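First the structure, in the form of structure tokens, and then the observations on it.
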Amino acid sequence: MRSQNAVEVLRVENIWKSYGDKEVLRGIDLAVNSHEVVALIGASGSGKSTLLRTMNLLETIDDGQVWLAGTDISTPTTKADAVRARIGVVFQHFNLFPHLTVLDNVTLASRQVLRISRAQAEARGLELLGRIGLADQARSFPDRLSGGQQQRAAIVRAVATNPELLLLDEITSALDPELVTEVLDLVRELKDDGTTIVMATHEMAFARDVADRVVFLDSGTIAEQGTPAEVFGAPKQARTREFLSRFLG
């Protein structure tokens with residue numbers, strides 16, 4: 001839970017984004033503090049993934065501002081690659097490079113972007129892979145791993161550079177149900193380590209148990225937000241209650 005001494009890591013102010021005539025984000029305001037886990041929930045098409053992609057400049061915004069650690073990163077002069085080096089991202093699909101070993105996938109950004117030596121990068125990579133039980137697969141290629149193993153490796157790759165913020169976009173939606181738990185257990189560990197996380201998810205029980213704050217998006221706006229107890233236990237908006245009834249009965 002946020003404390004009075006929490007440091008603001010990211011803020012989006014009055015974010016608007018359209019694709020053609022379709023308004024996907026309509027005046028979004030959201031701040032994320034250090035060590036906070038924020039879960040974005042909402043129906044498909046509500047704007048969750050687009051909002052995540054604006055946070056690390058994978059999507060340009062039509063209006064508004066994005067602030068990272070107190071700096072406006074939405075200006076035309078912002079070097080997007082430098083910003084993305086500070087933010088880890090994991091998508092629905094694993095996006096591991098098939099021609100690289102698992103260890104090379106995990107260490108690539110550390111070596112190429114942060115210019116860390118191969119020896120140092122591999123030592124950290126092996127440590128992280130060991131923590132998730134994949135050290136013995138370090139020299140394997142991704143196609144030798146299960147979907148759950150590939151997604152865990154993708155998460156490790158995202159955190160190997162010690163990002164200021166971790167964005168997770170429906171990271172379990174492409175997995176078979178029996179593989180979901182092992183991926184969510186890793187996210188739980190990252191929370192326990194103090195990682196700052198914004199995650200779009202359909203895993204309502206997980207959001208209720210793990211998130212510090214839940215944000216319900218509806219048609220490109222934030223319809224409601226609060227603690228899991230507030231949003232899941234006593235939602236104020238009819239749209240929130242209607243959405244949650246599909247998942248929670």
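Just so we're on the same page: first chain in the structure tokens is A, next is B, and so on; residues restart at 1 for each chain, and ligands are numbered from 1 in the order they show up.
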### Task
as a list in words, list the residues of region 129-195 of chain A assigned to strand (DSSP E) by DSSP on the backbone atoms of this structure.
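The strand (DSSP E) subset of region 129-195 of chain A is Leu165, Leu166, Leu167, Leu168 and Asp169 of chain A.
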Output of the above residues as an mmCIF file, in the first residue's frame, restricted to N, CA and C atoms:
data_model
loop_
_atom_site.group_PDB
_atom_site.id
_atom_site.type_symbol
_atom_site.label_atom_id
_atom_site.label_comp_id
_atom_site.auth_asym_id
_atom_site.auth_seq_id
_atom_site.Cartn_x
_atom_site.Cartn_y
_atom_site.Cartn_z
ATOM 1 N N LEU A 165 10.103 0.932 -13.485
ATOM 2 C CA LEU A 165 8.686 0.597 -13.589
ATOM 3 C C LEU A 165 8.561 -0.642 -14.467
ATOM 4 N N LEU A 166 7.652 -1.537 -14.094
ATOM 5 C CA LEU A 166 7.386 -2.742 -14.879
ATOM 6 C C LEU A 166 5.938 -2.707 -15.353
ATOM 7 N N LEU A 167 5.741 -2.824 -16.672
ATOM 8 C CA LEU A 167 4.414 -2.839 -17.267
ATOM 9 C C LEU A 167 4.106 -4.255 -17.743
ATOM 10 N N LEU A 168 2.984 -4.791 -17.320
ATOM 11 C CA LEU A 168 2.581 -6.150 -17.680
ATOM 12 C C LEU A 168 1.239 -6.086 -18.389
ATOM 13 N N ASP A 169 1.213 -6.551 -19.638
ATOM 14 C CA ASP A 169 0.005 -6.424 -20.454
ATOM 15 C C ASP A 169 -0.622 -7.801 -20.694
#
### Message
With distances taken over only C-alpha atoms, which residue among A:Val24, A:Ile61, A:Leu108, A:Ala207 lies nearest Ser44 (chain A)?
### Response
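Among the listed residues, A:Val24 lies closest to Ser44 (chain A).
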### Query
So, counting only C-alpha atoms, which residue among A:Phe206, A:Trp67, A:Phe91, A:Phe232 is closest to Thr181 (chain A)?
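Between A:Phe206, A:Trp67, A:Phe91, A:Phe232, the residue approaching Thr181 (chain A) most closely is A:Phe206.
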### Query
Out of A:Ser34, A:Asn95, A:Thr221, A:Ser110, which residue has the shortest atom-to-atom distance to Thr195 (chain A) when counting only C-alpha atoms?
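Of A:Ser34, A:Asn95, A:Thr221, A:Ser110, the one nearest Thr195 (chain A), counting only C-alpha atoms, is A:Ser34.
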### Message
Can you tell me which residues surround Val83 (chain A) at a distance of at most 12 Å, considering only C-alpha atoms, apart from same-chain residues fewer than 5 positions away, and format the answer as a list in words?
### Response
Leu10, Thr54, Met55, Asn56, Leu57, Leu58, Val66, Trp67, Leu68, Ala69, Thr71, Asp72, Ile73, Ser74, Thr75, Thr77, Thr78, Gly88, Val89, Val113, Pro163, Glu164 and Leu165 of chain A
Restricted to C-alpha atoms, what would the selected residues look like written as a PDB file, in the first residue's frame?
ATOM      1  CA  LEU A  10       4.920   7.767 -13.208  1.00  0.00           C
ATOM      2  CA  THR A  54       1.518   5.293 -23.876  1.00  0.00           C
ATOM      3  CA  MET A  55       3.427   4.949 -20.609  1.00  0.00           C
ATOM      4  CA  ASN A  56       6.620   3.852 -22.338  1.00  0.00           C
ATOM      5  CA  LEU A  57       6.001   5.779 -25.569  1.00  0.00           C
ATOM      6  CA  LEU A  58       5.162   2.780 -27.741  1.00  0.00           C
ATOM      7  CA  VAL A  66       3.414  11.555 -19.439  1.00  0.00           C
ATOM      8  CA  TRP A  67       5.844  12.091 -16.550  1.00  0.00           C
ATOM      9  CA  LEU A  68       8.535   9.615 -15.502  1.00  0.00           C
ATOM     10  CA  ALA A  69      10.262  10.362 -12.183  1.00  0.00           C
ATOM     11  CA  THR A  71      10.330  14.541 -16.057  1.00  0.00           C
ATOM     12  CA  ASP A  72       7.903  15.136 -18.915  1.00  0.00           C
ATOM     13  CA  ILE A  73       8.744  12.351 -21.403  1.00  0.00           C
ATOM     14  CA  SER A  74       5.971  13.204 -23.854  1.00  0.00           C
ATOM     15  CA  THR A  75       7.799  16.101 -25.485  1.00  0.00           C
ATOM     16  CA  THR A  77      12.577  15.988 -28.064  1.00  0.00           C
ATOM     17  CA  THR A  78      12.326  12.972 -25.754  1.00  0.00           C
ATOM     18  CA  GLY A  88      10.371  -3.004 -18.394  1.00  0.00           C
ATOM     19  CA  VAL A  89       7.493  -4.336 -20.495  1.00  0.00           C
ATOM     20  CA  VAL A 113      21.627  -0.780 -23.910  1.00  0.00           C
ATOM     21  CA  PRO A 163      13.733  -0.900 -14.399  1.00  0.00           C
ATOM     22  CA  GLU A 164      12.071   1.895 -12.478  1.00  0.00           C
ATOM     23  CA  LEU A 165       8.686   0.597 -13.589  1.00  0.00           C
TER      24      LEU A 165
END
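Counting only C-alpha atoms and comparing A:Val231, A:Val12, A:Ala238, A:Leu100, the residue that lies closest to Arg139 (chain A) is A:Leu100.
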### Task
Could you tell me which of A:Leu186, A:Ala200, A:Leu244, A:Val90 comes closest to Val38 (chain A) if we count only C-alpha atoms?
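Answer, going by the shortest atom-to-atom distance: A:Ala200.
The closest residue to Met204 (chain A), picked from A:Phe216, A:Phe247, A:Trp16, A:Phe97 and counting only C-alpha atoms, is A:Phe247.
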Write down as a compact mmCIF listing (two decimals) with C-alpha atoms, in the first residue's frame the residues of region 33-221 of chain A whose backbone DSSP state falls under alpha helix (DSSP H).
# COMPACT_ATOMS: atom_id res chain seq x y z
CA LYS A 48 -5.97 -0.91 -20.89
CA SER A 49 -3.30 -2.00 -23.36
CA THR A 50 -3.23 1.37 -25.13
CA LEU A 51 -2.75 3.13 -21.80
CA LEU A 52 0.18 0.86 -20.95
CA ARG A 53 1.74 1.52 -24.36
CA THR A 54 1.52 5.29 -23.88
CA MET A 55 3.43 4.95 -20.61
CA ALA A 80 12.16 7.20 -26.62
CA ASP A 81 14.83 4.50 -26.47
CA ALA A 82 16.35 6.09 -23.37
CA VAL A 83 12.92 6.12 -21.70
CA ARG A 84 12.23 2.49 -22.63
CA VAL A 102 17.19 -17.98 -23.03
CA LEU A 103 20.23 -16.45 -21.32
CA ASP A 104 21.04 -14.27 -24.32
CA ASN A 105 17.41 -13.10 -24.40
CA VAL A 106 17.59 -12.17 -20.72
CA THR A 107 20.93 -10.36 -20.98
CA LEU A 108 20.57 -8.64 -24.35
CA ALA A 109 19.30 -5.27 -23.06
CA SER A 110 21.84 -5.18 -20.23
CA ARG A 111 24.67 -5.72 -22.69
CA GLN A 112 23.46 -3.66 -25.64
CA ARG A 118 28.76 -10.02 -20.78
CA ALA A 119 30.18 -11.65 -17.64
CA GLN A 120 28.26 -9.33 -15.31
CA ALA A 121 25.07 -9.55 -17.34
CA GLU A 122 25.21 -13.33 -17.49
CA ALA A 123 25.89 -13.62 -13.75
CA ARG A 124 22.75 -11.62 -13.01
CA GLY A 125 20.80 -13.44 -15.70
CA LEU A 126 21.71 -16.84 -14.27
CA GLU A 127 20.81 -15.65 -10.78
CA LEU A 128 17.38 -14.51 -11.95
CA LEU A 129 16.77 -17.66 -13.97
CA GLY A 130 17.79 -19.69 -10.95
CA ARG A 131 15.18 -17.93 -8.84
CA GLY A 147 4.53 -21.35 -22.59
CA GLY A 148 4.66 -20.67 -18.87
CA GLN A 149 8.46 -21.00 -18.85
CA GLN A 150 8.75 -18.65 -21.84
CA GLN A 151 6.57 -16.03 -20.17
CA ARG A 152 8.55 -16.26 -16.93
CA ALA A 153 11.75 -15.86 -18.96
CA ALA A 154 10.20 -12.80 -20.63
CA ILE A 155 9.45 -11.30 -17.22
CA VAL A 156 12.99 -11.99 -16.05
CA ARG A 157 14.29 -10.30 -19.20
CA ALA A 158 12.17 -7.24 -18.36
CA VAL A 159 13.49 -6.96 -14.80
CA PRO A 177 -4.85 -22.43 -17.57
CA GLU A 178 -2.43 -24.78 -15.83
CA LEU A 179 0.48 -22.46 -16.67
CA VAL A 180 -1.13 -19.28 -15.35
CA THR A 181 -0.33 -19.92 -11.69
CA GLU A 182 3.43 -20.21 -12.18
CA VAL A 183 3.55 -16.88 -14.00
CA LEU A 184 1.40 -15.10 -11.42
CA ASP A 185 3.52 -16.54 -8.62
CA LEU A 186 6.52 -14.74 -10.17
CA VAL A 187 4.60 -11.45 -10.23
CA ARG A 188 3.79 -12.04 -6.55
CA GLU A 189 7.51 -12.42 -5.84
CA LEU A 190 8.28 -9.20 -7.72
CA LYS A 191 5.70 -7.37 -5.61
CA ASP A 192 7.31 -8.76 -2.47
CA MET A 204 -9.69 -10.71 -11.00
CA ALA A 205 -8.82 -12.91 -8.02
CA PHE A 206 -5.14 -12.13 -8.51
CA ALA A 207 -5.80 -8.39 -8.77
CA ARG A 208 -7.90 -8.55 -5.62
CA ASP A 209 -5.17 -10.40 -3.70
CA VAL A 210 -2.02 -8.69 -4.95
### Task
Could you tell me how far CA of Arg115 (chain A) lies from CA of Lys79 (chain A), in Å and to one decimal?
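According to the coordinates, CA of Arg115 (chain A) and CA of Lys79 (chain A) are separated by 17.5 Å.
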